[in-house]
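Student: Please find input.cif (mmCIF, C-alpha atoms) on the next line:
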data_start
loop_
_atom_site.group_PDB
_atom_site.id
_atom_site.type_symbol
_atom_site.label_atom_id
_atom_site.label_comp_id
_atom_site.auth_asym_id
_atom_site.auth_seq_id
_atom_site.Cartn_x
_atom_site.Cartn_y
_atom_site.Cartn_z
ATOM 1 C CA MET C 1 97.207 56.445 161.981
ATOM 2 C CA PRO C 2 97.310 58.948 164.888
ATOM 3 C CA ALA C 3 99.501 62.031 164.595
ATOM 4 C CA HIS C 4 102.884 61.933 166.311
ATOM 5 C CA THR C 5 103.221 64.272 169.287
ATOM 6 C CA ARG C 6 106.525 65.156 170.922
ATOM 7 C CA LYS C 7 107.071 65.061 174.635
ATOM 8 C CA LYS C 8 107.680 68.428 176.242
ATOM 9 C CA GLY C 9 111.425 68.882 176.814
ATOM 10 C CA GLY C 10 113.204 70.440 179.740
ATOM 11 C CA ARG C 11 113.162 69.682 183.396
ATOM 12 C CA LYS C 12 110.263 69.787 185.811
ATOM 13 C CA THR C 13 109.506 73.020 187.624
ATOM 14 C CA LEU C 14 110.928 73.346 191.122
ATOM 15 C CA PRO C 15 108.442 72.943 194.001
ATOM 16 C CA LYS C 16 106.621 76.142 194.978
ATOM 17 C CA ALA C 17 107.153 75.344 198.687
ATOM 18 C CA LEU C 18 110.928 75.910 198.461
ATOM 19 C CA PRO C 19 112.052 79.384 199.539
ATOM 20 C CA ARG C 20 113.191 81.689 196.728
ATOM 21 C CA VAL C 21 116.070 84.171 196.695
ATOM 22 C CA GLU C 22 115.790 86.684 193.853
ATOM 23 C CA VAL C 23 118.920 88.045 192.173
ATOM 24 C CA VAL C 24 118.002 90.904 189.828
ATOM 25 C CA TYR C 25 120.447 91.964 187.106
ATOM 26 C CA GLU C 26 119.922 95.494 185.794
ATOM 27 C CA SER C 27 122.025 97.372 183.283
ATOM 28 C CA GLY C 28 123.664 100.608 184.386
ATOM 29 C CA ALA C 29 122.378 103.952 183.085
ATOM 30 C CA ALA C 30 125.191 104.174 180.503
ATOM 31 C CA ALA C 31 124.252 100.785 179.019
ATOM 32 C CA ARG C 32 120.612 101.867 178.613
ATOM 33 C CA ILE C 33 121.413 104.367 175.857
ATOM 34 C CA CYS C 34 120.579 103.472 172.250
ATOM 35 C CA PRO C 35 123.716 103.620 170.077
ATOM 36 C CA HIS C 36 121.576 104.524 167.035
ATOM 37 C CA ASP C 37 119.722 107.615 168.237
ATOM 38 C CA GLY C 38 120.893 108.251 171.842
ATOM 39 C CA ALA C 39 117.445 107.653 173.346
ATOM 40 C CA THR C 40 117.024 105.927 176.709
ATOM 41 C CA LEU C 41 116.069 102.247 176.441
ATOM 42 C CA ALA C 42 112.753 101.325 178.087
ATOM 43 C CA GLU C 43 112.348 98.132 180.118
ATOM 44 C CA ILE C 44 110.305 95.676 178.020
ATOM 45 C CA GLY C 45 110.419 92.543 180.132
ATOM 46 C CA GLU C 46 112.635 90.120 181.965
ATOM 47 C CA VAL C 47 114.069 86.637 181.529
ATOM 48 C CA THR C 48 113.729 84.433 184.608
ATOM 49 C CA SER C 49 115.526 81.163 185.269
ATOM 50 C CA GLU C 50 115.719 79.113 188.441
ATOM 51 C CA GLN C 51 118.717 77.287 189.886
ATOM 52 C CA LEU C 52 118.483 74.766 192.706
ATOM 53 C CA ASP C 53 120.960 75.728 195.423
ATOM 54 C CA ILE C 54 121.569 73.094 198.101
ATOM 55 C CA ILE C 55 123.198 74.431 201.257
ATOM 56 C CA PRO C 56 123.865 71.888 204.018
ATOM 57 C CA ALA C 57 120.716 71.844 206.152
ATOM 58 C CA LYS C 58 119.112 74.422 203.834
ATOM 59 C CA ILE C 59 117.635 74.110 200.347
ATOM 60 C CA GLN C 60 116.501 77.169 198.408
ATOM 61 C CA VAL C 61 115.827 78.242 194.838
ATOM 62 C CA ILE C 62 117.725 81.210 193.401
ATOM 63 C CA ARG C 63 115.692 83.083 190.769
ATOM 64 C CA HIS C 64 117.860 84.894 188.215
ATOM 65 C CA ILE C 65 115.900 87.800 186.715
ATOM 66 C CA ARG C 66 117.609 89.640 183.880
ATOM 67 C CA LYS C 67 115.924 92.903 182.911
ATOM 68 C CA GLN C 68 115.476 93.490 179.176
ATOM 69 C CA TYR C 69 115.555 96.924 177.565
ATOM 70 C CA ALA C 70 114.664 98.157 174.095
ATOM 71 C CA CYS C 71 114.768 101.429 172.204
ATOM 72 C CA LYS C 72 111.803 102.961 170.414
ATOM 73 C CA CYS C 73 113.867 102.862 167.198
ATOM 74 C CA GLY C 74 113.375 99.054 167.238
ATOM 75 C CA GLN C 75 116.999 98.264 166.354
ATOM 76 C CA CYS C 76 118.388 97.240 169.709
ATOM 77 C CA ILE C 77 117.371 95.033 172.629
ATOM 78 C CA ARG C 78 119.704 94.460 175.572
ATOM 79 C CA THR C 79 119.715 91.943 178.428
ATOM 80 C CA LYS C 80 122.118 92.079 181.374
ATOM 81 C CA MET C 81 123.888 88.696 181.793
ATOM 82 C CA ASP C 82 125.977 87.576 184.741
ATOM 83 C CA SER C 83 129.256 85.986 183.598
ATOM 84 C CA LYS C 84 128.868 83.049 186.038
ATOM 85 C CA LEU C 85 125.394 82.328 184.671
ATOM 86 C CA MET C 86 126.604 82.624 181.058
ATOM 87 C CA ILE C 87 129.322 80.014 181.726
ATOM 88 C CA SER C 88 126.756 77.745 183.394
ATOM 89 C CA LEU C 89 124.377 78.090 180.430
ATOM 90 C CA GLN C 90 127.184 77.404 177.947
ATOM 91 C CA TRP C 91 128.268 74.319 179.900
ATOM 92 C CA SER C 92 124.740 72.897 180.095
ATOM 93 C CA ALA C 93 124.267 73.458 176.348
ATOM 94 C CA ASN C 94 127.417 71.421 175.635
ATOM 95 C CA VAL C 95 126.532 68.463 177.911
ATOM 96 C CA LYS C 96 125.453 65.361 176.000
ATOM 97 C CA ARG C 97 121.927 64.261 176.806
ATOM 98 C CA THR C 98 121.281 60.529 177.162
#
What does this structure look like when you write it as structure tokens?
Tutor:
Amino acid sequence: MPAHTRKKGGRKTLPKALPRVEVVYESGAAARICPHDGATLAEIGEVTSEQLDIIPAKIQVIRHIRKQYACKCGQCIRTKMDSKLMISLQWSANVKRT
């Protein structure tokens, strides 16, 4: 009997030919301070998501890039989140899938 394999979840990637608008979210200098030792957090990466934005007579993809920061102490990692995006992510997590 062959092994069961799951289908990859999620939606298809958006076409590369669509124009992209990048919105970069960075934490302010005060938010980049480690509460444990007072050291400055170093950027360690970013989280990127894409949202299809349809404007009459214009279609574009908005790339949301949230910078991630971490302290050398290893106890804290921070990501800047936009409140509109957080609500959108919470809503999509609560939608029933059919």
Student: Counting only C-alpha atoms, select every polymer residue within 12 Å of (112.2, 85.1, 194.6) as defined in the file's coordinates, and provide the selection as a list in words.
Tutor: Lys16, Ala17, Leu18, Pro19, Arg20, Val21, Glu22, Val23, Val24, Thr48, Ser49, Glu50, Gln51, Gln60, Val61, Ile62, Arg63, His64 and Ile65 of chain C
Student: At a cut-off of 12 Å, using all atoms listed in the file, what residues contact C:Cys76? Leave out same-chain residues fewer than 2 positions from it and give the result as a list in words.
Tutor: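 Those residues are Ala31, Arg32, Ile33, Cys34, Pro35, His36, Asp37, Gly38, Ala39, Thr40, Leu41, Ala42, Ile44, Gln68, Tyr69, Ala70, Cys71, Lys72, Cys73, Gly74, Arg78 and Thr79 of chain C.
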Student: Go ahead and write the selection's residues with C-alpha atoms as a CSV table (one decimal), in the coordinates of the input.
Tutor:
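What follows is the written file result.csv:
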chain,number,residue,atom,x,y,z
C,31,ALA,CA,124.3,100.8,179.0
C,32,ARG,CA,120.6,101.9,178.6
C,33,ILE,CA,121.4,104.4,175.9
C,34,CYS,CA,120.6,103.5,172.2
C,35,PRO,CA,123.7,103.6,170.1
C,36,HIS,CA,121.6,104.5,167.0
C,37,ASP,CA,119.7,107.6,168.2
C,38,GLY,CA,120.9,108.3,171.8
C,39,ALA,CA,117.4,107.7,173.3
C,40,THR,CA,117.0,105.9,176.7
C,41,LEU,CA,116.1,102.2,176.4
C,42,ALA,CA,112.8,101.3,178.1
C,44,ILE,CA,110.3,95.7,178.0
C,68,GLN,CA,115.5,93.5,179.2
C,69,TYR,CA,115.6,96.9,177.6
C,70,ALA,CA,114.7,98.2,174.1
C,71,CYS,CA,114.8,101.4,172.2
C,72,LYS,CA,111.8,103.0,170.4
C,73,CYS,CA,113.9,102.9,167.2
C,74,GLY,CA,113.4,99.1,167.2
C,78,ARG,CA,119.7,94.5,175.6
C,79,THR,CA,119.7,91.9,178.4
Student: Quick one: distance from atom CA of C:Arg6 to atom CA of C:Val47 in Å, one decimal?
Tutor: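 A separation of 25.1 Å between them.
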Student: By how many Å are atom CA of C:Gly9 and atom CA of C:Leu52 apart?
Tutor: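 Between atom CA of C:Gly9 and atom CA of C:Leu52 the gap works out to 18.4 Å.
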Student: Quick one, how far is atom CA of C:Ser27 from atom CA of C:Lys67?
Tutor: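 Pair atom CA of C:Ser27 / atom CA of C:Lys67 returns 7.6 Å.
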Student: Quick one: of C:Glu43, C:Tyr25, C:Ala30, C:Lys12, who's nearest to C:Ile77, counting only C-alpha atoms?
Tutor: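 Nearest candidate to C:Ile77 out of C:Glu43, C:Tyr25, C:Ala30, C:Lys12: C:Glu43.
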Student: Output stretch 38-54 of chain C with N, CA and C atoms present, as an mmCIF file, keeping the file's coordinate frame.
Tutor:
data_model
loop_
_atom_site.group_PDB
_atom_site.id
_atom_site.type_symbol
_atom_site.label_atom_id
_atom_site.label_comp_id
_atom_site.auth_asym_id
_atom_site.auth_seq_id
_atom_site.Cartn_x
_atom_site.Cartn_y
_atom_site.Cartn_z
ATOM 1 N N GLY C 38 120.599 107.629 170.554
ATOM 2 C CA GLY C 38 120.893 108.251 171.842
ATOM 3 C C GLY C 38 119.735 108.274 172.816
ATOM 4 N N ALA C 39 118.612 107.672 172.458
ATOM 5 C CA ALA C 39 117.445 107.653 173.346
ATOM 6 C C ALA C 39 117.664 106.644 174.476
ATOM 7 N N THR C 40 116.952 106.846 175.578
ATOM 8 C CA THR C 40 117.024 105.927 176.709
ATOM 9 C C THR C 40 116.206 104.684 176.404
ATOM 10 N N LEU C 41 116.783 103.503 176.658
ATOM 11 C CA LEU C 41 116.069 102.247 176.441
ATOM 12 C C LEU C 41 115.012 102.067 177.523
ATOM 13 N N ALA C 42 113.844 101.578 177.142
ATOM 14 C CA ALA C 42 112.753 101.325 178.087
ATOM 15 C C ALA C 42 112.746 99.842 178.447
ATOM 16 N N GLU C 43 112.434 99.527 179.707
ATOM 17 C CA GLU C 43 112.348 98.132 180.118
ATOM 18 C C GLU C 43 111.156 97.489 179.420
ATOM 19 N N ILE C 44 111.379 96.346 178.767
ATOM 20 C CA ILE C 44 110.305 95.676 178.020
ATOM 21 C C ILE C 44 109.961 94.313 178.585
ATOM 22 N N GLY C 45 110.707 93.853 179.566
ATOM 23 C CA GLY C 45 110.419 92.543 180.132
ATOM 24 C C GLY C 45 111.599 92.037 180.927
ATOM 25 N N GLU C 46 111.553 90.746 181.236
ATOM 26 C CA GLU C 46 112.635 90.120 181.965
ATOM 27 C C GLU C 46 112.688 88.640 181.614
ATOM 28 N N VAL C 47 113.861 88.062 181.758
ATOM 29 C CA VAL C 47 114.069 86.637 181.529
ATOM 30 C C VAL C 47 114.362 86.026 182.890
ATOM 31 N N THR C 48 113.574 85.033 183.297
ATOM 32 C CA THR C 48 113.729 84.433 184.608
ATOM 33 C C THR C 48 114.120 82.970 184.471
ATOM 34 N N SER C 49 115.145 82.574 185.207
ATOM 35 C CA SER C 49 115.526 81.163 185.269
ATOM 36 C C SER C 49 115.718 80.809 186.735
ATOM 37 N N GLU C 50 115.565 79.545 187.057
ATOM 38 C CA GLU C 50 115.719 79.113 188.441
ATOM 39 C C GLU C 50 116.837 78.084 188.540
ATOM 40 N N GLN C 51 117.576 78.159 189.630
ATOM 41 C CA GLN C 51 118.717 77.287 189.886
ATOM 42 C C GLN C 51 118.529 76.705 191.273
ATOM 43 N N LEU C 52 118.603 75.398 191.398
ATOM 44 C CA LEU C 52 118.483 74.766 192.706
ATOM 45 C C LEU C 52 119.805 74.904 193.437
ATOM 46 N N ASP C 53 119.768 75.468 194.627
ATOM 47 C CA ASP C 53 120.960 75.728 195.423
ATOM 48 C C ASP C 53 120.817 74.942 196.720
ATOM 49 N N ILE C 54 121.651 73.925 196.900
ATOM 50 C CA ILE C 54 121.569 73.094 198.101
ATOM 51 C C ILE C 54 122.682 73.516 199.055
#
